[in-house]
Each structure stands twice: as structure tokens, then as C-alpha cells.
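A.B. asks: Okay, so here is data.pdb, and as you'll see once you scroll down, it has PDB, C-alpha atoms.
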```pdb
ATOM      1  CA  MET Q   1     -45.962 105.609 -54.473
ATOM      2  CA  ILE Q   2     -45.871 109.217 -55.656
ATOM      3  CA  ARG Q   3     -42.765 111.172 -54.749
ATOM      4  CA  GLN Q   4     -40.770 114.164 -55.887
ATOM      5  CA  ALA Q   5     -38.410 113.475 -58.775
ATOM      6  CA  ILE Q   6     -34.707 113.111 -58.039
ATOM      7  CA  MET Q   7     -31.579 113.203 -60.206
ATOM      8  CA  GLY Q   8     -31.633 109.415 -60.526
ATOM      9  CA  ASP Q   9     -35.017 109.646 -62.297
ATOM     10  CA  ILE Q  10     -33.816 111.875 -65.136
ATOM     11  CA  SER Q  11     -33.275 109.210 -67.789
ATOM     12  CA  ARG Q  12     -36.621 107.552 -67.052
ATOM     13  CA  ILE Q  13     -38.440 110.912 -67.048
ATOM     14  CA  ALA Q  14     -36.866 111.799 -70.405
ATOM     15  CA  GLU Q  15     -37.810 108.419 -71.832
ATOM     16  CA  ILE Q  16     -41.442 108.737 -70.715
ATOM     17  CA  LEU Q  17     -41.723 112.305 -72.020
ATOM     18  CA  VAL Q  18     -40.257 111.519 -75.428
ATOM     19  CA  VAL Q  19     -41.886 108.168 -76.138
ATOM     20  CA  THR Q  20     -45.308 109.259 -74.900
ATOM     21  CA  LYS Q  21     -45.135 112.393 -77.046
ATOM     22  CA  TRP Q  22     -44.228 110.262 -80.074
ATOM     23  CA  VAL Q  23     -47.165 107.939 -79.456
ATOM     24  CA  ASN Q  24     -49.784 110.592 -78.665
ATOM     25  CA  TYR Q  25     -48.799 113.684 -80.632
ATOM     26  CA  ARG Q  26     -47.369 112.444 -83.935
ATOM     27  CA  LYS Q  27     -50.871 111.739 -85.226
ATOM     28  CA  ILE Q  28     -51.934 115.280 -84.267
ATOM     29  CA  PHE Q  29     -48.959 117.318 -85.464
ATOM     30  CA  HIS Q  30     -47.775 115.114 -88.378
ATOM     31  CA  ASN Q  31     -44.247 116.461 -87.942
ATOM     32  CA  ASP Q  32     -41.750 113.613 -88.207
ATOM     33  CA  LEU Q  33     -38.795 116.004 -88.395
ATOM     34  CA  TYR Q  34     -39.636 117.219 -84.912
ATOM     35  CA  SER Q  35     -40.891 113.899 -83.524
ATOM     36  CA  PHE Q  36     -37.943 111.797 -84.619
ATOM     37  CA  GLY Q  37     -35.305 114.426 -85.340
ATOM     38  CA  GLU Q  38     -35.436 117.053 -82.618
ATOM     39  CA  LEU Q  39     -37.343 115.207 -79.900
ATOM     40  CA  GLN Q  40     -34.815 112.704 -78.550
ATOM     41  CA  VAL Q  41     -34.305 111.143 -75.129
ATOM     42  CA  LEU Q  42     -30.646 112.122 -74.661
ATOM     43  CA  PRO Q  43     -31.109 115.894 -75.211
ATOM     44  CA  VAL Q  44     -34.204 115.969 -72.949
ATOM     45  CA  ALA Q  45     -32.265 114.132 -70.222
ATOM     46  CA  GLY Q  46     -29.328 116.488 -70.771
ATOM     47  CA  GLN Q  47     -31.528 119.548 -70.268
ATOM     48  CA  LEU Q  48     -32.808 118.165 -66.973
ATOM     49  CA  GLN Q  49     -29.300 117.261 -65.860
ATOM     50  CA  GLU Q  50     -27.921 120.704 -66.750
ATOM     51  CA  ASP Q  51     -30.710 122.421 -64.810
ATOM     52  CA  PRO Q  52     -31.901 120.084 -62.046
ATOM     53  CA  ARG Q  53     -34.091 122.902 -60.654
ATOM     54  CA  GLN Q  54     -36.628 121.732 -63.245
ATOM     55  CA  LEU Q  55     -37.119 118.606 -61.132
ATOM     56  CA  ARG Q  56     -38.643 120.648 -58.299
ATOM     57  CA  GLY Q  57     -42.059 120.700 -59.943
ATOM     58  CA  ILE Q  58     -41.960 117.096 -61.159
ATOM     59  CA  TRP Q  59     -43.516 114.263 -59.181
ATOM     60  CA  VAL Q  60     -43.244 110.643 -60.257
ATOM     61  CA  TYR Q  61     -45.361 107.557 -59.790
ATOM     62  CA  GLU Q  62     -43.043 104.714 -58.835
ATOM     63  CA  ASP Q  63     -44.024 101.067 -58.530
ATOM     64  CA  ASP Q  64     -40.737  99.140 -58.732
ATOM     65  CA  PHE Q  65     -39.655 101.841 -61.228
ATOM     66  CA  VAL Q  66     -40.991 105.156 -62.538
ATOM     67  CA  LYS Q  67     -44.111 104.633 -64.642
ATOM     68  CA  GLY Q  68     -45.539 108.152 -64.884
ATOM     69  CA  LEU Q  69     -45.028 111.783 -63.953
ATOM     70  CA  ILE Q  70     -46.700 115.108 -63.421
ATOM     71  CA  ARG Q  71     -45.301 118.612 -63.496
ATOM     72  CA  VAL Q  72     -47.104 121.310 -61.554
ATOM     73  CA  GLN Q  73     -46.570 125.077 -61.526
ATOM     74  CA  GLU Q  74     -48.571 126.862 -58.883
ATOM     75  CA  GLN Q  75     -52.135 125.557 -59.374
ATOM     76  CA  GLU Q  76     -51.680 124.520 -63.002
ATOM     77  CA  LEU Q  77     -51.053 121.003 -64.214
ATOM     78  CA  VAL Q  78     -48.373 121.511 -66.867
ATOM     79  CA  GLN Q  79     -47.622 117.892 -67.760
ATOM     80  CA  LEU Q  80     -49.095 114.486 -67.038
ATOM     81  CA  TYR Q  81     -47.522 111.522 -68.796
ATOM     82  CA  VAL Q  82     -47.761 107.791 -68.167
ATOM     83  CA  ASP Q  83     -45.529 105.318 -69.950
ATOM     84  CA  SER Q  84     -47.657 103.887 -72.775
ATOM     85  CA  PHE Q  85     -46.976 100.335 -71.593
ATOM     86  CA  PHE Q  86     -48.789 101.117 -68.333
ATOM     87  CA  ALA Q  87     -51.691 103.194 -69.689
ATOM     88  CA  GLY Q  88     -55.118 102.193 -68.429
ATOM     89  CA  GLN Q  89     -53.869 101.016 -65.023
ATOM     90  CA  GLY Q  90     -55.069 104.048 -63.031
ATOM     91  CA  ILE Q  91     -51.643 105.686 -62.774
ATOM     92  CA  GLY Q  92     -52.729 108.897 -64.504
ATOM     93  CA  GLY Q  93     -55.750 109.186 -62.212
ATOM     94  CA  LYS Q  94     -53.604 108.720 -59.125
ATOM     95  CA  LEU Q  95     -51.167 111.363 -60.325
ATOM     96  CA  LEU Q  96     -53.970 113.814 -61.142
ATOM     97  CA  ASP Q  97     -55.742 113.224 -57.827
ATOM     98  CA  PHE Q  98     -52.423 113.792 -56.056
ATOM     99  CA  ALA Q  99     -51.905 117.095 -57.895
ATOM    100  CA  VAL Q 100     -55.425 118.268 -57.059
ATOM    101  CA  GLU Q 101     -55.129 117.332 -53.380
ATOM    102  CA  ARG Q 102     -51.519 118.348 -52.746
ATOM    103  CA  PHE Q 103     -51.234 121.477 -54.913
ATOM    104  CA  ARG Q 104     -54.892 122.396 -55.373
ATOM    105  CA  VAL Q 105     -54.444 122.098 -59.137
ATOM    106  CA  ASN Q 106     -57.526 123.633 -60.716
ATOM    107  CA  HIS Q 107     -56.626 124.231 -64.364
ATOM    108  CA  LEU Q 108     -54.661 122.917 -67.325
ATOM    109  CA  TRP Q 109     -54.284 123.230 -71.096
ATOM    110  CA  VAL Q 110     -55.048 120.249 -73.337
ATOM    111  CA  LEU Q 111     -54.819 119.781 -77.090
ATOM    112  CA  GLU Q 112     -58.262 119.940 -78.669
ATOM    113  CA  LYS Q 113     -57.511 116.862 -80.799
ATOM    114  CA  ASN Q 114     -56.384 114.846 -77.782
ATOM    115  CA  GLN Q 115     -59.887 113.556 -77.100
ATOM    116  CA  ARG Q 116     -58.680 110.757 -74.848
ATOM    117  CA  ALA Q 117     -57.070 113.299 -72.523
ATOM    118  CA  ILE Q 118     -60.134 115.567 -72.573
ATOM    119  CA  VAL Q 119     -62.386 112.662 -71.543
ATOM    120  CA  PHE Q 120     -59.881 111.654 -68.850
ATOM    121  CA  TYR Q 121     -59.747 115.169 -67.384
ATOM    122  CA  ALA Q 122     -63.543 115.493 -67.534
ATOM    123  CA  ARG Q 123     -63.869 112.256 -65.510
ATOM    124  CA  HIS Q 124     -61.721 113.962 -62.882
ATOM    125  CA  GLY Q 125     -63.860 117.092 -62.649
ATOM    126  CA  PHE Q 126     -62.237 119.366 -65.233
ATOM    127  CA  GLN Q 127     -64.436 121.138 -67.780
ATOM    128  CA  TYR Q 128     -63.644 123.120 -70.903
ATOM    129  CA  SER Q 129     -63.989 126.786 -70.003
ATOM    130  CA  GLY Q 130     -64.566 128.120 -73.528
ATOM    131  CA  VAL Q 131     -61.083 129.657 -73.586
ATOM    132  CA  TRP Q 132     -58.544 128.428 -76.119
ATOM    133  CA  LYS Q 133     -55.251 129.436 -77.729
ATOM    134  CA  TYR Q 134     -52.983 128.088 -80.428
ATOM    135  CA  GLU Q 135     -50.127 125.788 -79.477
ATOM    136  CA  GLU Q 136     -47.059 127.907 -80.133
ATOM    137  CA  GLY Q 137     -45.823 127.631 -83.711
ATOM    138  CA  THR Q 138     -48.758 125.490 -84.867
ATOM    139  CA  THR Q 139     -52.367 125.714 -85.966
ATOM    140  CA  GLU Q 140     -53.455 123.278 -83.240
ATOM    141  CA  ARG Q 141     -55.701 124.594 -80.499
ATOM    142  CA  LEU Q 142     -55.177 124.202 -76.771
ATOM    143  CA  LEU Q 143     -58.284 124.209 -74.585
ATOM    144  CA  TRP Q 144     -58.334 125.635 -71.067
ATOM    145  CA  MET Q 145     -59.933 123.187 -68.653
ATOM    146  CA  SER Q 146     -60.676 124.036 -65.033
ATOM    147  CA  ARG Q 147     -62.322 122.612 -61.908
TER     148      ARG Q 147
END
```
Any chance you could put this one into C-alpha cells?

C.D. replies:
Amino acid sequence: MIRQAIMGDISRIAEILVVTKWVNYRKIFHNDLYSFGELQVLPVAGQLQEDPRQLRGIWVYEDDFVKGLIRVQEQELVQLYVDSFFAGQGIGGKLLDFAVERFRVNHLWVLEKNQRAIVFYARHGFQYSGVWKYEEGTTERLLWMSR
């Protein structure tokens, strides 16, 4: 089931965000000080708890417990993360289809080196538009994909 995030989901959301970023982005950014120093579950959960308005744009996939999440702002997909233990089970596709149908999501940014994500989004009708920008504070490029 996909539902809007609630306060009780905060620790699980933080865990998914942090661990999935460690797994997927460490090999791209090569920044262990950030990955394992700054990026920690407790501070991310604390930020959500201090400002629960952030939960308004977060929707979770729950099947006995939260296994993935999306964050949408207007018609842009801002985040899509699935717990690494449950990758490849169709959860990301269900979340993306939900965002497209419910919020008419038609664009997103994706890291150029995140080829797995680019292929995933392409399978769901998103195409690279030719527009790119640098990820803030890095030399890594973000690609604009749209439907």
C-alpha cells in the first residue's frame, strides 16, 4: 500500500534515506567524511521530527513495514528510495507510477553516473532532455529527465 508519511514513519524514512545513499552514492562521490560522518540516521530523523511539514510531500510504500518512499514537489519527483534489501521487487516502479498518476509527475533530476536509475526511469517513460547541471558543491552532473 502507498500512503502519505506520518510521524511514526520518521525513523524508518531516515534509515532508508541514509543507508540507500551510502550504498548508491558513495561509489559516485567518494566522500567518506560526508557519507559516514555527516550523513547519519539520527540527525536526518531529527530534522524531520523538528519540521514535520516535510512529511507532507513524502509518500511511503508499506507492506508490513515501510520499504520505500517518494518525495514529490509539484510535478517533480524529488526523491525515490527503496530499502536496498527490497530492491528489484517492483516497489520503485509502483512508487513512480503512483507519483505519475496521482501528482502528474513529469520531470526529475538524476545523477549522470547513476546508470541504474537512468535505465529505471527510461523504462517508465522518462527521457534525458539534454539539460544538465552540477550537483551543488560537486563536479558531478545531474541530468534532467522528463516525460

A.B. asks: Using all atoms listed in the file, which of the listed residues (Q:Arg104, Q:Lys94, Q:Arg123, Q:Lys67) sits closest to Q:Asp9?

C.D. replies: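 Nearest candidate to Q:Asp9 out of Q:Arg104, Q:Lys94, Q:Arg123, Q:Lys67: Q:Lys67.
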
A.B. asks: Take the PyMOL selection byres ((chain Q and resi 78) around 10), run it mentally on this structure, and tell me the resulting residues as JSON, numbers by chain.

C.D. replies: {"Q": [57, 58, 70, 71, 72, 73, 74, 75, 76, 77, 79, 80, 105, 107, 108, 109, 110]}

A.B. asks: What does the distance from atom CA of Q:Phe120 to atom CA of Q:Gln47 come to in Å, to one decimal?

C.D. replies: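 Atom CA of Q:Gln47 lies 29.5 Å from atom CA of Q:Phe120.
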
A.B. asks: Which residues fall under the PyMOL selection byres ((chain Q and resi 54) around 12) in this file, as an mmCIF file with C-alpha atoms, in the frame of the given file?

C.D. replies:
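Saved the output as selection-v4.cif:
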```cif
data_model
loop_
_atom_site.group_PDB
_atom_site.id
_atom_site.type_symbol
_atom_site.label_atom_id
_atom_site.label_comp_id
_atom_site.auth_asym_id
_atom_site.auth_seq_id
_atom_site.Cartn_x
_atom_site.Cartn_y
_atom_site.Cartn_z
ATOM 1 C CA GLN Q 4 -40.770 114.164 -55.887
ATOM 2 C CA ALA Q 5 -38.410 113.475 -58.775
ATOM 3 C CA ILE Q 6 -34.707 113.111 -58.039
ATOM 4 C CA MET Q 7 -31.579 113.203 -60.206
ATOM 5 C CA ILE Q 10 -33.816 111.875 -65.136
ATOM 6 C CA ILE Q 13 -38.440 110.912 -67.048
ATOM 7 C CA VAL Q 44 -34.204 115.969 -72.949
ATOM 8 C CA ALA Q 45 -32.265 114.132 -70.222
ATOM 9 C CA GLY Q 46 -29.328 116.488 -70.771
ATOM 10 C CA GLN Q 47 -31.528 119.548 -70.268
ATOM 11 C CA LEU Q 48 -32.808 118.165 -66.973
ATOM 12 C CA GLN Q 49 -29.300 117.261 -65.860
ATOM 13 C CA GLU Q 50 -27.921 120.704 -66.750
ATOM 14 C CA ASP Q 51 -30.710 122.421 -64.810
ATOM 15 C CA PRO Q 52 -31.901 120.084 -62.046
ATOM 16 C CA ARG Q 53 -34.091 122.902 -60.654
ATOM 17 C CA LEU Q 55 -37.119 118.606 -61.132
ATOM 18 C CA ARG Q 56 -38.643 120.648 -58.299
ATOM 19 C CA GLY Q 57 -42.059 120.700 -59.943
ATOM 20 C CA ILE Q 58 -41.960 117.096 -61.159
ATOM 21 C CA TRP Q 59 -43.516 114.263 -59.181
ATOM 22 C CA ARG Q 71 -45.301 118.612 -63.496
ATOM 23 C CA VAL Q 72 -47.104 121.310 -61.554
ATOM 24 C CA GLN Q 73 -46.570 125.077 -61.526
#
```

A.B. asks: Q:Val19, Q:Ile2, Q:Val82, Q:Leu111: which is nearest Q:Glu140, counting all atoms listed in the file?

C.D. replies: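 Looking only at the distances to Q:Glu140, the closest residue turns out to be Q:Leu111.
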
A.B. asks: Tell me, in Å to one decimal, how far atom CA of Q:Lys21 is from atom CA of Q:Gln40.

C.D. replies: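 Between atom CA of Q:Lys21 and atom CA of Q:Gln40 the gap works out to 10.4 Å.
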
A.B. asks: State, in Å with one decimal place, the distance from atom CA of Q:Ser11 to atom CA of Q:Phe86.

C.D. replies: 17.5 Å

A.B. asks: Go through Q:Tyr61, Q:Tyr134, Q:Phe103, Q:Tyr128 one by one, measure the shortest atom-to-atom distance of each to Q:Tyr81 using all atoms listed in the file, and give the residue with the smallest value.

C.D. replies: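 Ranked by minimum distance to Q:Tyr81, first place goes to Q:Tyr61.
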
A.B. asks: Pull out every residue that the PyMOL selection byres ((chain Q and resi 112) around 7) matches in the shown coordinates and put them as number ranges by chain.

C.D. replies: Q: 110-111, 113-115, 141-143

A.B. asks: The centre and edge lengths of an axis-aligned box containing all atoms of stretch 70-77 of chain Q present in the file, extended by 6 Å on each side, are to be given in Å to one decimal, as JSON.

C.D. replies:
```
{"center_x": -48.7, "center_y": 121.0, "center_z": -61.5, "size_x": 18.8, "size_y": 23.8, "size_z": 17.3}
```

A.B. asks: Would you mind telling me which residue in Q:Gly68, Q:Ser146, Q:Tyr25, Q:Ala117 lies nearest to Q:Arg12 when using all atoms listed in the file?

C.D. replies: Q:Gly68

A.B. asks: For each of Q:Lys133, Q:Arg147, Q:Lys27, Q:Arg3, take the minimum atom-to-atom distance to Q:Leu95, counting all atoms listed in the file, then give the residue where this is smallest.

C.D. replies: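 Comparing Q:Lys133, Q:Arg147, Q:Lys27, Q:Arg3 against Q:Leu95, the winner is Q:Arg3.
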
A.B. asks: Nearest to Q:Ala87 among Q:Ala14, Q:Thr20, Q:Ala99, Q:Phe29, with distances taken over all atoms listed in the file: which residue is it?

C.D. replies: Q:Thr20
